[in-house]
Structure formats: C-alpha cells, structure tokens
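See below for the structure under consideration.
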Amino acid sequence: MRRIWTVAMALVVGAALVTSAAAEFDTSKVLVKVKNGVDLFDLSDQLAARGFYMESVTALGGGRLDVDEFALTARESAPAFVSVRVPQGADVRQAVRTIGGIQGVEHVALNQIFRAFATPNDYNATEQWNFAKIGMPAAWDVSFGGSSSTIVSVVDTGLYRGYNDGPANILPGYDAVDNDNDPSDGNGHGTHVSGTVAQATGNGTGVTGIVFNASMLPVKVLSDKGEGTLEQVANGIRWAADNGAHVINMSLGCEATEEGCDDPILHESVQYAAGKGVFIAAASGNASASVVGFPAAYEECMAVGATGSSDTRASFSNYGTALDIAAPGDGIKQQTHLFTCFGFAVVGTPNIESCSGTSMASPHVAGLAGLIHSAASSTVNIRDVIESTATDLGTSGWDQYYGWGRINAAAALQAVSGN
Ligand SMILES: [Ca+2]
Ligand SMILES: [Ca+2]
C-alpha cells in the first residue's frame, strides 16, 4: 500500500491578543553616588542600620569591588557608584528616598533595565500573538535573529522565493518529489511554515520570523497537493542531513493508526539525520488523537503539539506518550499564497494568512532551536534547553497533552546566554 504523508494542518482559525509587560528596573538593588570624602565603611554602617546591604563598589575605571578592596586599590577619592541591595519585597522607590536622606549621599538611582533596540519594525504583538506568547522580543535581545551560519531545513512543500517578505537567506535546496534542484512551492504550506522560522524581519513589511538571519535550506517532499510518499520524505530527510542542516522541521506526518505509518525506512532516515547531530522538530498531527503521529513519535524527533492564545491545547492537536513539547499553532499569521489554508495550489498574490495546525506549531520549535544554535556553544543540548525552559502547562511536569510545556523562547535564550 502506498502511504501518503499529508500536511499537518487543520482548518481551525482562532485569534486573540496577548500583551506582556516587562519590569522597568531591577527591584533587588539601587545604585548610590556619594560625595567626595565620604567614608564608605561609615556609609555601609548607615545603610545596614536602615536594612540595606552595601554589596559592591564600582571604581571609576569600572569593575566591581567590595568595600575593602576599593579602599586598598582604588585611587580616586570617590567611587563611580555603590551597589546597594534592597531586601526582597521592599518598596524600591521608598528605598531611594530613605538612602537619599543619608548624609554624604549625592544621588540614588533605580537600577534601570536597558534593552537592545532590537524590536523589529514589522513586529506587532497583536498580529503575532504567538511570538508575544513565547517571549520573542526578549529572546531577540539575546540573539537578534541568529546567524546565517545556522542552517534550517523545512522539509515540506518547498519554498516560494518571489515574495516581498519571505525568508531573506535561502540556499539552493532539493525537490525530492521531482528529484531535481528546484524546490518551488506550488502549495503554500511550506512557505507559511518557513515564514514562522525565518520570515524577513526588520524590513518594515508584513510580519516577522524567529531566526530570520538563518540560512534556509528548502527541501520539497510534498507535492503541490500537500502530499508525499515515504520515499520522498525519507530522501528529503537524508538530503537535508547531508547538506548541512543543523535543524530540520517536518510539519507533516501520518496517523499512527494508519497502516504502514510507522516504518523502519522512515525511522532510519530520522536516525540518520539525528546521528549527524541534526535537531528535528515534527508536528504531532491534527486528528485530535490520543496517539502522536509519525515521524514525530520517533524518539529522535521533538514531537510538537499545538496551543492557542490562552495556552490551552488546540482541539485538533494529537497528544499521547510520545508528545514532547507544545507551541502556538492556532491562528498563526505568515506570508504565503494559500488563500484558504487548505492544501491546494492557489498561487497568487502573497497575503499574510492566518493558518492553524500542528504544522504551524512545529516551526516555532525549529526556529527556537535555530536561535539557540546561533547563540549557544556547540556543547549545549538544544533539546534539553527547550524542554527545561518550557512554561509548564496542564498537570505539573511532563504530561501527555503539553509534553514539557509550551516553549518559552525568552527563558531558553536567557538560559544559554548565562543570564
Ligand atoms: Ca517582515
Ligand atoms: Ca505539564
């Protein structure tokens, strides 16, 4: 029997908006500037008498010293500033006023948080609730779109290159359907999925992608109808692994209950890529089934289920013992030529289309994996980072509906940056 893999996408459309507010300053400490001639040991005593702790002293030339070191080594009469710890739960603005009243104190500053001005001009938290939800702006502060040396392969219906807002860096790819080197997308699914990974960002047009500086390696294994054979899928996985992919996304699969779905040829192709160190994200399937589809269910793949804007499982999203992680997948906007988010070729004017499915969830994980690959040392286990930093949903810890939870890009990037 010929097994057909289909795109893992559903006809469910939903949208809501989520906004997040970030702290404006570090509430754990304030910075104190003192007048010339102030005895820092005396200041330390005065602070302690009011419940504050002098943590360190920064000399004019920079570098944090404790007060003894400063007294011994610094040559200037007054330091640049003194860092003072505020007790947990205390009103930091009141602390500023109290410390400001100590004799010899010239100025007390809130420990303001500065951010790279990296929020791109085409990012809109309302339009892209999915990126707001996973903390993309904060993740971009750590790695603004990653690096072109990171190669992400979307193994799908191909990638359309002619749009004004598609991925910026596209490598020559492969068409495993026609066995040639033209992986054009006559369907639109692969282009939408690729957009979530790496849509052109900061170009003032359309929407954004997660790891937009990455090099995209398009591999077409599904026809313009959104279907592909085991042969095509297995060839495509191996080609991507042999041609430099660090990350593979597969927003495709078959249901575990279908005859021939779990096949050693498919599994061995996945194992081949994993054996080369490739991180593989795959969609769990859209049958509302209690069993994850394949290839996602293989242990070498990170099986991705879909959540909506309220952080609950999308009704279509397959779950079960093989589910590893969840990501936004309900009402995801990217540029493509799919008019209806239903897998038939309608090539036309590019639009920002809202599509739903575990197909839309998986590239969030692939994109995050790419961003981690760009930002972290090669010894970092990308899968461990994604799982350990996910926002736990459902019952505590791993569960069959959300895996380790919904991905948290901000926490993942902070983890690998050492923050
Ligand atoms: Ca854009
Ligand atoms: Ca859980």
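Just so we're on the same page: first chain in the structure tokens is A, next is B, and so on; residues restart at 1 for each chain, and ligands are numbered from 1 in the order they show up.
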> In segment 128-226 of chain A, what's alpha helix (DSSP H) per DSSP? Answer as a ChimeraX atom specification?
Replying inline: /A:129-133,136-142,189-198
> So which residues of segment 148-346 of chain A fall under strand (DSSP E) by DSSP, listed as a PyMOL selection string?
Replying inline: chain A and resi 151-156+174-175+215-216+219-220+227-229+247-250+252-253+279-283+301-307+325-328+332-336
With a cut-off of 6 Å, could you pull out the residues of chain A touching ligand 2 and give me the nearest pair of atoms for each, distance in Å to one decimal, using only C-alpha atoms and all ligand atoms, ordered by chain and ascending number, as a tab-separated table?
residue	atom	partner	partner_atom_place_in_ligand_line	distance
A:Asp392	CA	ligand 2	1 (Ca)	4.7
A:Leu393	CA	ligand 2	1 (Ca)	4.3
A:Gly394	CA	ligand 2	1 (Ca)	4.5
A:Thr395	CA	ligand 2	1 (Ca)	4.4
A:Ser396	CA	ligand 2	1 (Ca)	4.5
A:Gly397	CA	ligand 2	1 (Ca)	4.2
A:Trp398	CA	ligand 2	1 (Ca)	4.6
A:Asp399	CA	ligand 2	1 (Ca)	4.8
A:Tyr402	CA	ligand 2	1 (Ca)	6.0
A:Trp404	CA	ligand 2	1 (Ca)	5.8
A:Gly405	CA	ligand 2	1 (Ca)	5.5
> Could you name the residues that touch Gly367 of chain A at 6 Å or less, counting only C-alpha atoms, but leaving out those on the same chain fewer than 2 positions away, as a list of chain:residue names?
Replying inline: A:Val197, A:Ile210, A:Val211, A:Pro363, A:His364, A:Val365, A:Ala369, A:Gly370
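Using only C-alpha atoms and all ligand atoms, we find that the residues with an atom at most 7 Å from any atom of ligand 1 are Asp122, Asp165, Gln199, Ala200, Thr201, Gly202, Asn203, Gly204, Thr205, Gly206, Val207 and Thr208 of chain A.
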> Please, what distance in Å, to one decimal, runs between atom CA of Lys29 of chain A and atom CA of Thr391 of chain A?
Replying inline: 27.3 Å
>> Using only C-alpha atoms, which protein or nucleic acid residues come within 10 Å of Gly158 of chain A? Drop anything in the same chain fewer than 6 positions from it, and give the result as an NGL selection string.
In response: :A and (173-177 or 182-191 or 193-194 or 217-224 or 226)
Using N, CA and C atoms, can you export the residues from the last selection as a PDB file, in the first residue's frame?
ATOM      1  N   GLY A 173      18.108  24.376  -2.711  1.00  0.00           N
ATOM      2  CA  GLY A 173      17.555  23.236  -1.995  1.00  0.00           C
ATOM      3  C   GLY A 173      17.377  22.037  -2.904  1.00  0.00           C
ATOM      4  N   TYR A 174      16.401  21.242  -2.585  1.00  0.00           N
ATOM      5  CA  TYR A 174      16.213  19.969  -3.295  1.00  0.00           C
ATOM      6  C   TYR A 174      14.729  19.655  -3.371  1.00  0.00           C
ATOM      7  N   ASP A 175      14.336  19.102  -4.507  1.00  0.00           N
ATOM      8  CA  ASP A 175      12.961  18.658  -4.713  1.00  0.00           C
ATOM      9  C   ASP A 175      12.965  17.138  -4.787  1.00  0.00           C
ATOM     10  N   ALA A 176      12.567  16.499  -3.710  1.00  0.00           N
ATOM     11  CA  ALA A 176      12.541  15.036  -3.664  1.00  0.00           C
ATOM     12  C   ALA A 176      11.298  14.471  -4.343  1.00  0.00           C
ATOM     13  N   VAL A 177      10.374  15.341  -4.727  1.00  0.00           N
ATOM     14  CA  VAL A 177       9.190  14.881  -5.468  1.00  0.00           C
ATOM     15  C   VAL A 177       9.566  14.658  -6.928  1.00  0.00           C
ATOM     16  N   ASP A 182      14.934  22.193  -7.839  1.00  0.00           N
ATOM     17  CA  ASP A 182      14.019  23.332  -7.786  1.00  0.00           C
ATOM     18  C   ASP A 182      12.868  23.077  -6.805  1.00  0.00           C
ATOM     19  N   PRO A 183      13.082  23.387  -5.539  1.00  0.00           N
ATOM     20  CA  PRO A 183      12.025  23.139  -4.539  1.00  0.00           C
ATOM     21  C   PRO A 183      11.012  24.280  -4.440  1.00  0.00           C
ATOM     22  N   SER A 184      10.530  24.740  -5.588  1.00  0.00           N
ATOM     23  CA  SER A 184       9.498  25.787  -5.559  1.00  0.00           C
ATOM     24  C   SER A 184       8.245  25.247  -4.883  1.00  0.00           C
ATOM     25  N   ASP A 185       7.517  26.141  -4.261  1.00  0.00           N
ATOM     26  CA  ASP A 185       6.328  25.750  -3.509  1.00  0.00           C
ATOM     27  C   ASP A 185       5.072  26.070  -4.318  1.00  0.00           C
ATOM     28  N   GLY A 186       4.433  25.042  -4.835  1.00  0.00           N
ATOM     29  CA  GLY A 186       3.195  25.249  -5.568  1.00  0.00           C
ATOM     30  C   GLY A 186       1.963  25.058  -4.707  1.00  0.00           C
ATOM     31  N   ASN A 187       2.182  25.006  -3.411  1.00  0.00           N
ATOM     32  CA  ASN A 187       1.082  24.761  -2.475  1.00  0.00           C
ATOM     33  C   ASN A 187       0.890  25.920  -1.513  1.00  0.00           C
ATOM     34  N   GLY A 188       1.967  26.347  -0.897  1.00  0.00           N
ATOM     35  CA  GLY A 188       1.893  27.449   0.059  1.00  0.00           C
ATOM     36  C   GLY A 188       2.149  27.041   1.492  1.00  0.00           C
ATOM     37  N   HIS A 189       1.963  25.758   1.785  1.00  0.00           N
ATOM     38  CA  HIS A 189       2.153  25.270   3.154  1.00  0.00           C
ATOM     39  C   HIS A 189       3.592  25.457   3.612  1.00  0.00           C
ATOM     40  N   GLY A 190       4.535  24.996   2.807  1.00  0.00           N
ATOM     41  CA  GLY A 190       5.944  25.088   3.186  1.00  0.00           C
ATOM     42  C   GLY A 190       6.412  26.531   3.338  1.00  0.00           C
ATOM     43  N   THR A 191       5.840  27.414   2.533  1.00  0.00           N
ATOM     44  CA  THR A 191       6.218  28.824   2.611  1.00  0.00           C
ATOM     45  C   THR A 191       5.716  29.438   3.913  1.00  0.00           C
ATOM     46  N   VAL A 193       5.091  27.778   6.727  1.00  0.00           N
ATOM     47  CA  VAL A 193       5.890  27.166   7.793  1.00  0.00           C
ATOM     48  C   VAL A 193       7.274  27.812   7.857  1.00  0.00           C
ATOM     49  N   SER A 194       7.878  28.028   6.674  1.00  0.00           N
ATOM     50  CA  SER A 194       9.216  28.641   6.623  1.00  0.00           C
ATOM     51  C   SER A 194       9.184  30.061   7.159  1.00  0.00           C
ATOM     52  N   LEU A 217      17.235  26.047   4.065  1.00  0.00           N
ATOM     53  CA  LEU A 217      17.555  25.001   3.093  1.00  0.00           C
ATOM     54  C   LEU A 217      16.240  24.294   2.733  1.00  0.00           C
ATOM     55  N   PRO A 218      15.566  24.776   1.671  1.00  0.00           N
ATOM     56  CA  PRO A 218      14.248  24.200   1.375  1.00  0.00           C
ATOM     57  C   PRO A 218      14.350  22.813   0.732  1.00  0.00           C
ATOM     58  N   VAL A 219      13.584  21.887   1.268  1.00  0.00           N
ATOM     59  CA  VAL A 219      13.523  20.533   0.715  1.00  0.00           C
ATOM     60  C   VAL A 219      12.060  20.184   0.479  1.00  0.00           C
ATOM     61  N   LYS A 220      11.751  19.924  -0.777  1.00  0.00           N
ATOM     62  CA  LYS A 220      10.365  19.638  -1.146  1.00  0.00           C
ATOM     63  C   LYS A 220      10.144  18.130  -1.155  1.00  0.00           C
ATOM     64  N   VAL A 221       9.277  17.668  -0.283  1.00  0.00           N
ATOM     65  CA  VAL A 221       8.938  16.235  -0.235  1.00  0.00           C
ATOM     66  C   VAL A 221       7.436  16.019  -0.420  1.00  0.00           C
ATOM     67  N   LEU A 222       6.683  17.108  -0.392  1.00  0.00           N
ATOM     68  CA  LEU A 222       5.232  17.044  -0.583  1.00  0.00           C
ATOM     69  C   LEU A 222       4.885  17.775  -1.878  1.00  0.00           C
ATOM     70  N   SER A 223       3.985  17.190  -2.642  1.00  0.00           N
ATOM     71  CA  SER A 223       3.592  17.765  -3.926  1.00  0.00           C
ATOM     72  C   SER A 223       2.764  19.029  -3.732  1.00  0.00           C
ATOM     73  N   ASP A 224       2.341  19.592  -4.842  1.00  0.00           N
ATOM     74  CA  ASP A 224       1.530  20.802  -4.766  1.00  0.00           C
ATOM     75  C   ASP A 224       0.179  20.527  -4.119  1.00  0.00           C
ATOM     76  N   GLY A 226       0.102  18.882  -1.343  1.00  0.00           N
ATOM     77  CA  GLY A 226       0.434  18.736   0.066  1.00  0.00           C
ATOM     78  C   GLY A 226       0.600  17.296   0.492  1.00  0.00           C
TER      79      GLY A 226
END
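Candidate residues A:Cys261, A:Ala282, A:Val32, A:Met360 were compared for distance to Ile325 of chain A, and the nearest is A:Ala282, using only C-alpha atoms.
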> Which residues come within 12 Å of Ala390 of chain A, counting only C-alpha atoms, excluding same-chain residues fewer than 3 positions away, as JSON, numbers by chain?
Replying inline: {"A": [133, 134, 135, 324, 325, 326, 327, 365, 368, 383, 384, 385, 386, 387, 393, 397, 398, 402, 403, 404, 405, 406, 407, 408, 409, 410, 411, 412, 413, 415]}
Okay, now the selection with C-alpha atoms, as a PDB file, in the first residue's frame?
ATOM      1  CA  LYS A 133       3.344  34.474  23.987  1.00  0.00           C
ATOM      2  CA  ILE A 134       6.731  32.764  23.713  1.00  0.00           C
ATOM      3  CA  GLY A 135       8.675  35.951  24.550  1.00  0.00           C
ATOM      4  CA  ASP A 324       7.451  16.251  23.872  1.00  0.00           C
ATOM      5  CA  ILE A 325       6.504  19.912  23.745  1.00  0.00           C
ATOM      6  CA  ALA A 326       3.780  22.406  22.808  1.00  0.00           C
ATOM      7  CA  ALA A 327       3.936  25.607  20.780  1.00  0.00           C
ATOM      8  CA  VAL A 365      10.271  24.839  17.905  1.00  0.00           C
ATOM      9  CA  LEU A 368      13.817  28.380  18.513  1.00  0.00           C
ATOM     10  CA  ARG A 383      16.547  19.740  23.195  1.00  0.00           C
ATOM     11  CA  ASP A 384      17.381  19.902  26.897  1.00  0.00           C
ATOM     12  CA  VAL A 385      17.311  23.700  26.803  1.00  0.00           C
ATOM     13  CA  ILE A 386      13.906  23.822  25.111  1.00  0.00           C
ATOM     14  CA  GLU A 387      12.378  21.255  27.459  1.00  0.00           C
ATOM     15  CA  LEU A 393       1.005  23.692  31.377  1.00  0.00           C
ATOM     16  CA  GLY A 397       5.685  18.378  34.924  1.00  0.00           C
ATOM     17  CA  TRP A 398       5.529  16.374  31.718  1.00  0.00           C
ATOM     18  CA  TYR A 402       1.527  19.512  26.586  1.00  0.00           C
ATOM     19  CA  GLY A 403       4.695  17.426  26.918  1.00  0.00           C
ATOM     20  CA  TRP A 404       7.168  19.526  28.928  1.00  0.00           C
ATOM     21  CA  GLY A 405       5.033  22.593  28.332  1.00  0.00           C
ATOM     22  CA  ARG A 406       4.726  25.462  25.872  1.00  0.00           C
ATOM     23  CA  ILE A 407       8.059  26.724  24.566  1.00  0.00           C
ATOM     24  CA  ASN A 408       9.430  29.870  26.200  1.00  0.00           C
ATOM     25  CA  ALA A 409      11.938  31.461  23.831  1.00  0.00           C
ATOM     26  CA  ALA A 410      12.867  34.229  26.258  1.00  0.00           C
ATOM     27  CA  ALA A 411      13.752  31.748  29.009  1.00  0.00           C
ATOM     28  CA  ALA A 412      15.573  29.459  26.578  1.00  0.00           C
ATOM     29  CA  LEU A 413      17.800  32.226  25.233  1.00  0.00           C
ATOM     30  CA  ALA A 415      19.480  30.135  29.798  1.00  0.00           C
TER      31      ALA A 415
END
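You can rank A:Thr257, A:Gly209, A:Ala289, A:Ala322 by their closest distance to Asn130 of chain A using only C-alpha atoms, and at the top of that list sits A:Gly209.
For Pro87 of chain A, the list of residues within 9 Å, based on only C-alpha atoms and with local chain neighbours fewer than 6 positions off taken out, reads Ser28, Lys29, Gly51, Phe52 and Tyr53 of chain A.
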Could the residues in this selection be written to a file with C-alpha atoms, as a PDB file, in the first residue's frame?
ATOM      1  CA  SER A  28      16.709  43.970  44.027  1.00  0.00           C
ATOM      2  CA  LYS A  29      19.128  46.869  44.257  1.00  0.00           C
ATOM      3  CA  GLY A  51      18.103  47.487  56.457  1.00  0.00           C
ATOM      4  CA  PHE A  52      20.190  47.816  53.307  1.00  0.00           C
ATOM      5  CA  TYR A  53      23.353  45.967  52.348  1.00  0.00           C
TER       6      TYR A  53
END
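With atom CA of Phe279 of chain A on one side and atom CA of Pro328 of chain A on the other, the separation reads 19.2 Å.
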